[in-house]
Amino acid sequence: MTNDLRLVEAIRQALADELARDDSVLVYGEDVGVNGGVFRATRDLYDEFPEQVYDTPLAEAAILGLGVGLGAYGLTPVAEIQFASFAFQGFHQLHQHASRMRSRTRGALSVPMTVRMPYGGGIRALELHSESYEAGYAHVPGVKTVVPANPADAKGLLTSAIRDPDPVVFLEPTKRYRASREAVPEGEHTVPLGEAEVVREGSDVTVVAWGAMLAETREAVDDGDADAEVIDLRTVSPLDSETILESVRKTGRCVVVHEAPRTGGLAAEIIARINDDALYHLEAPVERVTGYDVPFPMFAREEAYRPDAERIRRGIERALSA
Amino acid sequence: MVRERVAEFSVEYVQALDEEGNADEAELPDVSDEQLLELYRLMRLSRRVDERAVALQRRGELGTYAPGIGQEAAQVGSATALKPEGWMVPSFREGAAFLTRGTPIHRLLWYSMGMEEGAEVSGANFPPSIPVGSQSLHAAGVGWGQEITGADEATLTYFGDGATSQGDVAEAMNVAGVLDAHCVFFCQNNQWAISVPRSGQSRAETLAQKAIAAGIEGVQVDGNDVLGVLAVTRDALESAREGDPVLIEAQTYRRSMHTTSDDPRAYRTEEEEAEWEARDPIARFETYLRDEGLLDDEREESIGEEIEELVADEIDRAKEGQEQVVPAEMFDYVFAEAPPELRRQKEEFERTGDDEPASAEGGLPGETEAGGGEVADRDE
Ligand SMILES: Cc1ncc(C[n+]2csc(CCOP(=O)(O)OP(=O)(O)O)c2C)c(N)n1
């Protein structure tokens with residue numbers, strides 16, 4: 001059985017199901033209670049699960065630090081950071097405590113925390129509400145970083161994240177929250193963390209994307225000339241190299257797409273892995289289509305900044321013409 | 001065994017003009033008739049800009065907007081106390097304070113049109129700070145600089161009740177105290193941080209008492225009383241210029257929505273709104289001015305007309321500027337001198353033809369499927 005849901009509704013369903021399944025699950029953060037979250041992802045949960053859903057003061061360091069304590073104590077914290085950019089206000093808790101509690105204590109303590117954060121541009125949000133920082137989290141060992149691109153995965157990946165015994169940063173593409181309704185399995189639905197998915201098969205070129213960029217990528221390949229294979233990375237850390245390498249060995253060409261700035265972005269890591277393990281299968285240098293190395297502009301210029309289907313198409317052409 | 005009281009603290013509350021507009025002569029600041037009328041004009045202007053901005057946002061002509069309706073006295077009164085050469089470090093809801101400091105209306109609108117041009121500050125002003133509370137540390141930095149250089153100036157920084165939960169705000173007050181920074185921390189306690197009430201931020205009886213832990217002075221003022229706010233802020237700035245920072249908690253109310261993406265019906269009652277409507281800062285001050293013989297119907301009307309005209313002109317000017325936006329300028333201000341890779345990215349951007357002025361793409365950007373801003377649409 002499936003239901004047609006928007007991505008934000010699929011997230012709400014995963015939260016509701018996990019809250020009902022396990023008393024130890026706690027959903028908390030700024031405005032997640034009475035208000036149901038500024039994006040309505042936690043709508044009604046406060047009424048349905050009054051013992052498990054909490055509004056907190058406006059304090060990200062507290063939200064993330066509380067999660068370390070709650071998690072080590074044996075509960076299952078599912079925190080919301082209102083916008084991903086404000087996770088920086090508590091980044092030290094994630095980086096210095098959540099990520100290394102297990103290794104620091106040789107497994108005596110761990111932090112099974114999930115941190116949900118809306119991320120990315122394209123919704124005319126205020127300044128500092130649109131950044132994509134997935135590469136930064138991927139650079140923190142001990143933290144898993146997940147980015148769903150569609151409603152079914154949003155439900156399945158979030159369920160897996162909540163059940164995962166380690167800290168998971170769960171980045172939700174705001175641009176996709178209400179973009180479309182798609183079939184989502186009812187009841188128990190999990191998608192394993194750390195596994196990419198080939199969402200379109202093709203033989204000319206491999207295009208790797210995640211989160212909000214997947215929709216732009218699909219648009220680019222659906223009316224392009226090339227027979228492109230499209231991979232939805234889904235988890236950016238740990239990175240599923242095998243699915244990418246297998247595809248690149250087949251197509252011989254690759255384009256990596258991300259919204260984040262180019263320098264130090266995840267494309268760089270993906271290209272390095274291809275160089276390590278599939279270099280001799282390449283028929284052209286790997287291309288990347290990314291944001292620019294500028295602060296994410298305010299919305300009058302955001303469309304110029306964000307990669308769109310046209311830029312992705314040009315990236316594919318470059319990969320094919322080399 | 002010893003058990004004795006080692007310290008005692010208290011917090012004062014100040015009001016110069018009560019809710020009926022009656023003045024307490026002892027608390028009134030020294031203000032000329034002309035200045036009184038200017039305070040009034042600025043409050044009305046700010047209210048009008050906010051009303052027009054909300055309407056423009058509803059038509060898709062502005063992005064998310066944070067109105068300061070109900071907080072005019074807190075902002076106009078405090079910003080008036082700050083001399084032009086004193087620095088202002090605002091939060092994101094300080095339209096009225098910016099107007100008081102002479103920032104043109106079209107610039108405020110540009111900011112809400114998603115244009116960096118709107119944050120191009122002039123004078124001793126910082127741009128708006130979207131991350132809650134973090135700007136308070138910049139104020140401590142400016143204020144410390146003023147102490148180091150022996151400047152006879154001080155810095156006024158704004159934040160909300162919600163911001164007082166942030167570590168940065170506690171750190172700012174603490175370092176300002178230790179370093180004798182010339183700082184006044186102005187907390188607009190408008191009772192709500194989006195949906196979380198004041199009681200959801202702190203169990204402390206007052207927010208002003210957060211100063212005590214930092215060893216600086218804390219005081220409460222009726223934030224809807226423009227004269228009380230002016231008086232208290234003047235005193236605080238004088239103290240700050242001597243290296244003694246102060247925290248002011250202005251008791252006010254956010255009468256409008258948190259931002260245009262928010263619907264306060266989800267979390268607050270109409271009774272509460274009505275209660276605060278009766279304490280509106282502009283109405284109270286109007287009564288006072290009439291009693292003083294400074295305002296009559298005719299005068300009031302002419303001020304209103306003047307404001308209407310000014311705001312209309314400035315909206316036109318903002319829209320004209322919006323049509324001139326050059327996307328490629330996003331590369332221009334990242335560094336004083338662009339490094340080679342950034343120059344290369346800009347060239348590529350220009351070569352591929354994306355660098356058209358906004359008007360060439362059809363003028364005003366429309367609403368997005370995601371609903372925009374902080375919140376999403378509720379009706380699905
Ligand atoms: C660090 C940070 N966390 C969260 C947000 C999202 N946010 C914007 S305004 C706001 C509430 C602010 O409340 P308060 O400080 O009382 O100021 P007010 O908006 O009431 O003027 C929140 C949670 C943000 N901008 N920055």
# chains A, B, ... in the order shown; residues from 1 in each chain; ligands from 1
>>> residues_around(residues="Glu131 (chain A)", least_positions_apart="4", cutoff="8 Å", atoms="only C-alpha atoms", output="VMD selection string")
chain A and resid 84 to 85 119 to 121 260 296
>>> write_last_selection(atoms="N, CA and C atoms", output="tab-separated table (two decimals), in the first residue's frame")
chain	number	residue	atom	x	y	z
A	84	ALA	N	19.21	24.81	8.54
A	84	ALA	CA	20.53	24.19	8.68
A	84	ALA	C	21.62	25.20	9.04
A	85	SER	N	21.49	26.42	8.55
A	85	SER	CA	22.55	27.40	8.82
A	85	SER	C	22.73	27.65	10.31
A	119	TYR	N	17.49	22.51	4.52
A	119	TYR	CA	18.66	23.15	3.91
A	119	TYR	C	18.35	23.54	2.47
A	120	GLY	N	19.20	24.38	1.92
A	120	GLY	CA	19.20	24.64	0.49
A	120	GLY	C	18.37	25.84	0.07
A	121	GLY	N	18.62	26.28	-1.17
A	121	GLY	CA	17.98	27.50	-1.66
A	121	GLY	C	16.81	27.25	-2.58
A	260	ALA	N	26.10	23.25	-3.26
A	260	ALA	CA	27.09	23.88	-2.39
A	260	ALA	C	28.21	24.49	-3.24
A	296	PHE	N	26.24	32.25	-0.31
A	296	PHE	CA	24.95	32.05	-0.96
A	296	PHE	C	24.23	33.40	-1.00
>>> residues_near_ligand(ligand="ligand 1", cutoff="8 Å", atoms="only C-alpha atoms and all ligand atoms", output="tab-separated table (two decimals) with C-alpha atoms, in the first residue's frame")
chain	number	residue	atom	x	y	z
A	30	GLU	CA	12.53	25.51	18.36
A	31	ASP	CA	8.81	25.86	17.55
A	58	LEU	CA	16.01	29.42	21.14
A	59	ALA	CA	19.42	27.83	21.64
A	60	GLU	CA	21.05	25.53	19.10
A	81	ILE	CA	17.38	22.72	13.84
A	82	GLN	CA	15.02	25.28	12.35
A	83	PHE	CA	17.29	26.03	9.38
A	85	SER	CA	22.55	27.40	8.82
A	86	PHE	CA	21.81	27.74	12.51
A	87	ALA	CA	23.37	24.39	13.31
A	89	GLN	CA	25.47	27.85	16.63
B	66	ALA	CA	9.64	40.98	9.83
B	68	GLY	CA	7.98	45.82	14.06
B	91	SER	CA	19.02	42.36	14.92
B	92	PHE	CA	16.55	41.69	12.05
B	93	ARG	CA	13.45	43.58	13.20
B	130	ILE	CA	19.69	37.11	10.68
B	131	PRO	CA	21.28	34.59	13.07
B	132	VAL	CA	19.60	35.31	16.38
B	133	GLY	CA	21.78	36.93	19.02
B	134	SER	CA	25.17	36.48	17.42
B	159	PHE	CA	18.07	41.59	20.31
B	160	GLY	CA	14.85	39.88	21.29
B	161	ASP	CA	13.68	37.91	24.30
B	162	GLY	CA	14.38	34.67	22.44
B	163	ALA	CA	17.95	35.75	21.81
B	164	THR	CA	18.67	35.88	25.52
B	166	GLN	CA	21.68	32.07	23.12
B	188	GLN	CA	13.12	44.12	23.02
B	189	ASN	CA	11.09	41.69	25.03
B	190	ASN	CA	8.13	41.44	22.69
B	191	GLN	CA	6.87	38.40	24.62
B	192	TRP	CA	7.26	35.85	21.81
B	193	ALA	CA	10.05	34.15	19.88
B	194	ILE	CA	8.00	32.88	16.95
B	198	ARG	CA	8.72	34.50	27.11
B	254	ARG	CA	4.98	42.15	18.73
B	258	HIS	CA	6.64	37.13	13.61
B	259	THR	CA	7.31	37.40	9.88
B	374	GLU	CA	10.38	30.56	7.13
>>> select_by_dssp(residues="region 131-360 of chain B", states="alpha helix (DSSP H)", output="PyMOL selection string")
chain B and resi 136-148+167-179+210-214+226-241+270-277+281-291+297-322+340-351
>>> closest_residue(among="A:Gly211, A:Gly37, A:Gly107, A:Gly291", to="Asp166 (chain A)", atoms="only C-alpha atoms")
A:Gly107
>>> atom_distance(atom1="CA of Leu342 (chain B)", atom2="CA of Glu127 (chain A)")
21.4 Å
>>> closest_residue(among="A:Arg306, A:Arg176, A:His189, A:His97", to="chain B", atoms="only C-alpha atoms")
A:Arg176
>>> residues_around(residues="Gly187 (chain A)", least_positions_apart="4", cutoff="12 Å", atoms="only C-alpha atoms", output="list in words")
Met1, Thr2, Asn3, Ala10, Gln13, Ala14, Leu15, Ala16, Asp17, Glu18, Ala20, Arg21, Ala152, Lys155, Gly156 and Thr159 of chain A
>>> residues_around(residues="Ala161 (chain A)", least_positions_apart="4", cutoff="10 Å", atoms="only C-alpha atoms", output="ChimeraX atom specification")
/A:78,112-116,144-146,155-157,165-170,190-193
>>> write_last_selection(atoms="N, CA and C atoms", output="compact mmCIF listing (two decimals), in the first residue's frame")
# COMPACT_ATOMS: atom_id res chain seq x y z
N VAL A 78 15.53 13.14 18.66
CA VAL A 78 15.37 13.55 17.27
C VAL A 78 15.16 15.06 17.30
N PRO A 112 22.90 8.22 19.90
CA PRO A 112 22.01 7.83 18.79
C PRO A 112 21.08 8.97 18.39
N MET A 113 21.64 10.14 18.19
CA MET A 113 20.83 11.33 17.92
C MET A 113 20.61 11.52 16.41
N THR A 114 19.43 11.97 16.06
CA THR A 114 19.18 12.38 14.68
C THR A 114 18.92 13.88 14.71
N VAL A 115 19.58 14.61 13.83
CA VAL A 115 19.35 16.06 13.78
C VAL A 115 18.76 16.41 12.42
N ARG A 116 17.50 16.77 12.42
CA ARG A 116 16.84 17.17 11.16
C ARG A 116 17.10 18.65 10.90
N LYS A 144 26.98 10.56 10.51
CA LYS A 144 26.45 10.17 9.20
C LYS A 144 25.63 11.34 8.66
N THR A 145 25.66 11.53 7.35
CA THR A 145 24.93 12.65 6.77
C THR A 145 24.07 12.17 5.61
N VAL A 146 22.78 12.44 5.73
CA VAL A 146 21.80 11.89 4.82
C VAL A 146 21.01 13.04 4.18
N LYS A 155 10.90 9.32 4.06
CA LYS A 155 10.34 8.49 5.13
C LYS A 155 11.28 7.34 5.49
N GLY A 156 11.75 6.64 4.47
CA GLY A 156 12.58 5.46 4.73
C GLY A 156 13.92 5.79 5.35
N LEU A 157 14.54 6.84 4.87
CA LEU A 157 15.85 7.21 5.40
C LEU A 157 15.73 7.79 6.81
N PRO A 165 22.25 3.68 15.57
CA PRO A 165 22.86 3.90 16.89
C PRO A 165 23.85 5.06 16.94
N ASP A 166 24.11 5.71 15.82
CA ASP A 166 25.10 6.80 15.79
C ASP A 166 24.44 8.12 15.41
N PRO A 167 25.17 9.23 15.60
CA PRO A 167 24.59 10.53 15.24
C PRO A 167 24.38 10.65 13.73
N VAL A 168 23.22 11.12 13.35
CA VAL A 168 22.92 11.31 11.93
C VAL A 168 22.43 12.74 11.71
N VAL A 169 23.07 13.42 10.77
CA VAL A 169 22.56 14.72 10.31
C VAL A 169 21.66 14.45 9.12
N PHE A 170 20.42 14.92 9.22
CA PHE A 170 19.43 14.61 8.20
C PHE A 170 19.01 15.92 7.54
N THR A 190 11.77 1.32 5.60
CA THR A 190 13.12 1.81 5.88
C THR A 190 13.95 1.77 4.59
N VAL A 191 14.88 2.68 4.50
CA VAL A 191 15.85 2.68 3.40
C VAL A 191 17.21 2.69 4.07
N PRO A 192 18.07 1.74 3.73
CA PRO A 192 19.35 1.67 4.44
C PRO A 192 20.20 2.93 4.24
N LEU A 193 20.87 3.37 5.30
CA LEU A 193 21.81 4.48 5.18
C LEU A 193 23.06 3.99 4.46
>>> atom_distance(atom1="CA of Val184 (chain B)", atom2="CA of Tyr288 (chain B)")
27.8 Å
>>> residues_around(residues="region 270-283 of chain A", least_positions_apart="6", cutoff="7 Å", atoms="only C-alpha atoms", output="list of chain:residue names")
A:Leu245, A:Arg249, A:Gly252, A:Arg253
>>> closest_residue(among="A:Leu320, A:Val294, A:Ile123, A:Val236", to="Thr263 (chain A)", atoms="only C-alpha atoms")
A:Val294
>>> interface_residues(of="chain A", to="chain B", cutoff="7 Å", atoms="only C-alpha atoms", output="list in words")
Asp31, Val34, Asn35, Val38, Phe39, Pro57, Leu58, Ala59, Phe86, Ile123, Arg124, Ala125, Leu126, Glu127, Leu128, Lys175, Tyr177, Arg178, Ala179, Tyr292, Asp293, Val294, Pro297, Met298, Phe299, Ala300, Arg301 and Ala304 of chain A
>>> write_last_selection(atoms="C-alpha atoms", output="PDB file, in the first residue's frame")
ATOM      1  CA  ASP A  31       8.811  25.862  17.553  1.00  0.00           C
ATOM      2  CA  VAL A  34       2.555  24.017  19.572  1.00  0.00           C
ATOM      3  CA  ASN A  35       3.417  25.522  16.205  1.00  0.00           C
ATOM      4  CA  VAL A  38       7.971  26.456  10.830  1.00  0.00           C
ATOM      5  CA  PHE A  39       7.664  24.106   7.862  1.00  0.00           C
ATOM      6  CA  PRO A  57      14.343  27.750  24.097  1.00  0.00           C
ATOM      7  CA  LEU A  58      16.014  29.420  21.141  1.00  0.00           C
ATOM      8  CA  ALA A  59      19.416  27.826  21.639  1.00  0.00           C
ATOM      9  CA  PHE A  86      21.808  27.735  12.510  1.00  0.00           C
ATOM     10  CA  ILE A 123      12.486  29.275  -1.903  1.00  0.00           C
ATOM     11  CA  ARG A 124      13.267  33.006  -1.641  1.00  0.00           C
ATOM     12  CA  ALA A 125      14.170  32.636   1.993  1.00  0.00           C
ATOM     13  CA  LEU A 126      15.978  35.174   4.110  1.00  0.00           C
ATOM     14  CA  GLU A 127      19.729  35.548   4.158  1.00  0.00           C
ATOM     15  CA  LEU A 128      21.506  32.563   5.765  1.00  0.00           C
ATOM     16  CA  LYS A 175      12.749  23.375  -2.167  1.00  0.00           C
ATOM     17  CA  TYR A 177       9.159  20.002   0.806  1.00  0.00           C
ATOM     18  CA  ARG A 178       5.983  20.704  -1.126  1.00  0.00           C
ATOM     19  CA  ALA A 179       7.136  20.392  -4.702  1.00  0.00           C
ATOM     20  CA  TYR A 292      29.980  29.218  -7.026  1.00  0.00           C
ATOM     21  CA  ASP A 293      32.619  30.086  -4.453  1.00  0.00           C
ATOM     22  CA  VAL A 294      30.585  33.003  -3.140  1.00  0.00           C
ATOM     23  CA  PRO A 297      23.402  35.268  -2.292  1.00  0.00           C
ATOM     24  CA  MET A 298      20.177  36.785  -1.066  1.00  0.00           C
ATOM     25  CA  PHE A 299      17.238  35.697  -3.174  1.00  0.00           C
ATOM     26  CA  ALA A 300      17.389  38.360  -5.877  1.00  0.00           C
ATOM     27  CA  ARG A 301      20.478  36.510  -7.123  1.00  0.00           C
ATOM     28  CA  ALA A 304      21.843  32.824 -10.814  1.00  0.00           C
TER      29      ALA A 304
END
>>> residues_around(residues="Glu197 (chain A)", least_positions_apart="2", cutoff="9 Å", atoms="only C-alpha atoms", output="VMD selection string")
chain A and resid 195 199 to 200 230 to 234 243
>>> write_last_selection(atoms="N, CA, C and O atoms", output="short mmCIF file (atom, residue, chain, number, x, y, z; two decimals), in the first residue's frame")
data_model
loop_
_atom_site.label_atom_id
_atom_site.label_comp_id
_atom_site.auth_asym_id
_atom_site.auth_seq_id
_atom_site.Cartn_x
_atom_site.Cartn_y
_atom_site.Cartn_z
N GLU A 195 23.60 3.79 1.20
CA GLU A 195 23.42 3.15 -0.11
C GLU A 195 22.83 4.13 -1.11
O GLU A 195 21.73 4.63 -0.91
N VAL A 199 18.72 5.87 -10.14
CA VAL A 199 17.31 6.20 -10.36
C VAL A 199 16.95 6.24 -11.83
O VAL A 199 15.77 6.33 -12.19
N ARG A 200 17.97 6.20 -12.69
CA ARG A 200 17.70 6.14 -14.13
C ARG A 200 18.89 5.45 -14.74
O ARG A 200 20.03 5.81 -14.48
N VAL A 230 21.49 8.16 -13.91
CA VAL A 230 21.44 9.12 -12.81
C VAL A 230 21.50 8.40 -11.47
O VAL A 230 20.74 7.45 -11.23
N ILE A 231 22.40 8.84 -10.63
CA ILE A 231 22.55 8.25 -9.29
C ILE A 231 22.13 9.25 -8.23
O ILE A 231 22.61 10.39 -8.21
N ASP A 232 21.21 8.83 -7.37
CA ASP A 232 20.84 9.63 -6.20
C ASP A 232 21.70 9.12 -5.05
O ASP A 232 21.54 8.00 -4.58
N LEU A 233 22.57 9.97 -4.57
CA LEU A 233 23.54 9.53 -3.56
C LEU A 233 22.86 9.17 -2.23
O LEU A 233 23.27 8.27 -1.52
N ARG A 234 21.85 9.92 -1.86
CA ARG A 234 21.03 9.69 -0.65
C ARG A 234 21.78 9.85 0.67
O ARG A 234 21.34 10.55 1.56
N THR A 243 28.55 2.04 -5.89
CA THR A 243 27.50 2.28 -6.89
C THR A 243 27.99 3.27 -7.95
O THR A 243 27.71 3.11 -9.14
#
>>> select_by_dssp(residues="region 218-272 of chain B", states="strand (DSSP E)", output="JSON, numbers by chain")
{"B": [218, 219, 220, 221, 222, 246, 247, 248, 249, 250, 251]}
>>> residues_around(residues="region 220-222 of chain A", least_positions_apart="5", cutoff="9 Å", atoms="only C-alpha atoms", output="list of chain:residue names")
A:Val207, A:Ala215, A:Asp227, A:Ala228, A:Glu229, A:Val230, A:Asp308, A:Ala309, A:Glu310, A:Arg311, A:Ile312, A:Arg313, A:Ile316
>>> write_last_selection(atoms="N, CA and C atoms", output="PDB file, in the first residue's frame")
ATOM      1  N   VAL A 207      25.491  10.654 -14.013  1.00  0.00           N
ATOM      2  CA  VAL A 207      25.303  11.932 -13.320  1.00  0.00           C
ATOM      3  C   VAL A 207      24.972  11.637 -11.858  1.00  0.00           C
ATOM      4  N   ALA A 215      16.066  16.859  -8.729  1.00  0.00           N
ATOM      5  CA  ALA A 215      14.968  17.278  -9.597  1.00  0.00           C
ATOM      6  C   ALA A 215      15.520  18.042 -10.804  1.00  0.00           C
ATOM      7  N   ASP A 227      22.121   9.547 -23.248  1.00  0.00           N
ATOM      8  CA  ASP A 227      21.489   8.480 -22.469  1.00  0.00           C
ATOM      9  C   ASP A 227      22.200   8.440 -21.114  1.00  0.00           C
ATOM     10  N   ALA A 228      21.687   9.231 -20.196  1.00  0.00           N
ATOM     11  CA  ALA A 228      22.398   9.418 -18.930  1.00  0.00           C
ATOM     12  C   ALA A 228      21.921   8.442 -17.867  1.00  0.00           C
ATOM     13  N   GLU A 229      22.868   7.974 -17.071  1.00  0.00           N
ATOM     14  CA  GLU A 229      22.537   7.194 -15.886  1.00  0.00           C
ATOM     15  C   GLU A 229      22.566   8.157 -14.696  1.00  0.00           C
ATOM     16  N   VAL A 230      21.493   8.158 -13.913  1.00  0.00           N
ATOM     17  CA  VAL A 230      21.441   9.124 -12.811  1.00  0.00           C
ATOM     18  C   VAL A 230      21.500   8.396 -11.469  1.00  0.00           C
ATOM     19  N   ASP A 308      20.998  24.901 -12.407  1.00  0.00           N
ATOM     20  CA  ASP A 308      19.679  24.531 -12.919  1.00  0.00           C
ATOM     21  C   ASP A 308      19.861  23.533 -14.070  1.00  0.00           C
ATOM     22  N   ALA A 309      18.743  23.129 -14.664  1.00  0.00           N
ATOM     23  CA  ALA A 309      18.806  22.093 -15.702  1.00  0.00           C
ATOM     24  C   ALA A 309      19.753  22.510 -16.829  1.00  0.00           C
ATOM     25  N   GLU A 310      19.721  23.800 -17.184  1.00  0.00           N
ATOM     26  CA  GLU A 310      20.547  24.279 -18.279  1.00  0.00           C
ATOM     27  C   GLU A 310      22.045  24.112 -17.968  1.00  0.00           C
ATOM     28  N   ARG A 311      22.421  24.482 -16.764  1.00  0.00           N
ATOM     29  CA  ARG A 311      23.838  24.338 -16.413  1.00  0.00           C
ATOM     30  C   ARG A 311      24.248  22.868 -16.332  1.00  0.00           C
ATOM     31  N   ILE A 312      23.327  22.047 -15.861  1.00  0.00           N
ATOM     32  CA  ILE A 312      23.644  20.614 -15.772  1.00  0.00           C
ATOM     33  C   ILE A 312      23.782  20.025 -17.183  1.00  0.00           C
ATOM     34  N   ARG A 313      22.896  20.466 -18.065  1.00  0.00           N
ATOM     35  CA  ARG A 313      22.974  20.002 -19.457  1.00  0.00           C
ATOM     36  C   ARG A 313      24.329  20.387 -20.076  1.00  0.00           C
ATOM     37  N   ILE A 316      26.958  18.065 -18.829  1.00  0.00           N
ATOM     38  CA  ILE A 316      26.887  16.764 -19.495  1.00  0.00           C
ATOM     39  C   ILE A 316      27.520  16.862 -20.895  1.00  0.00           C
TER      40      ILE A 316
END
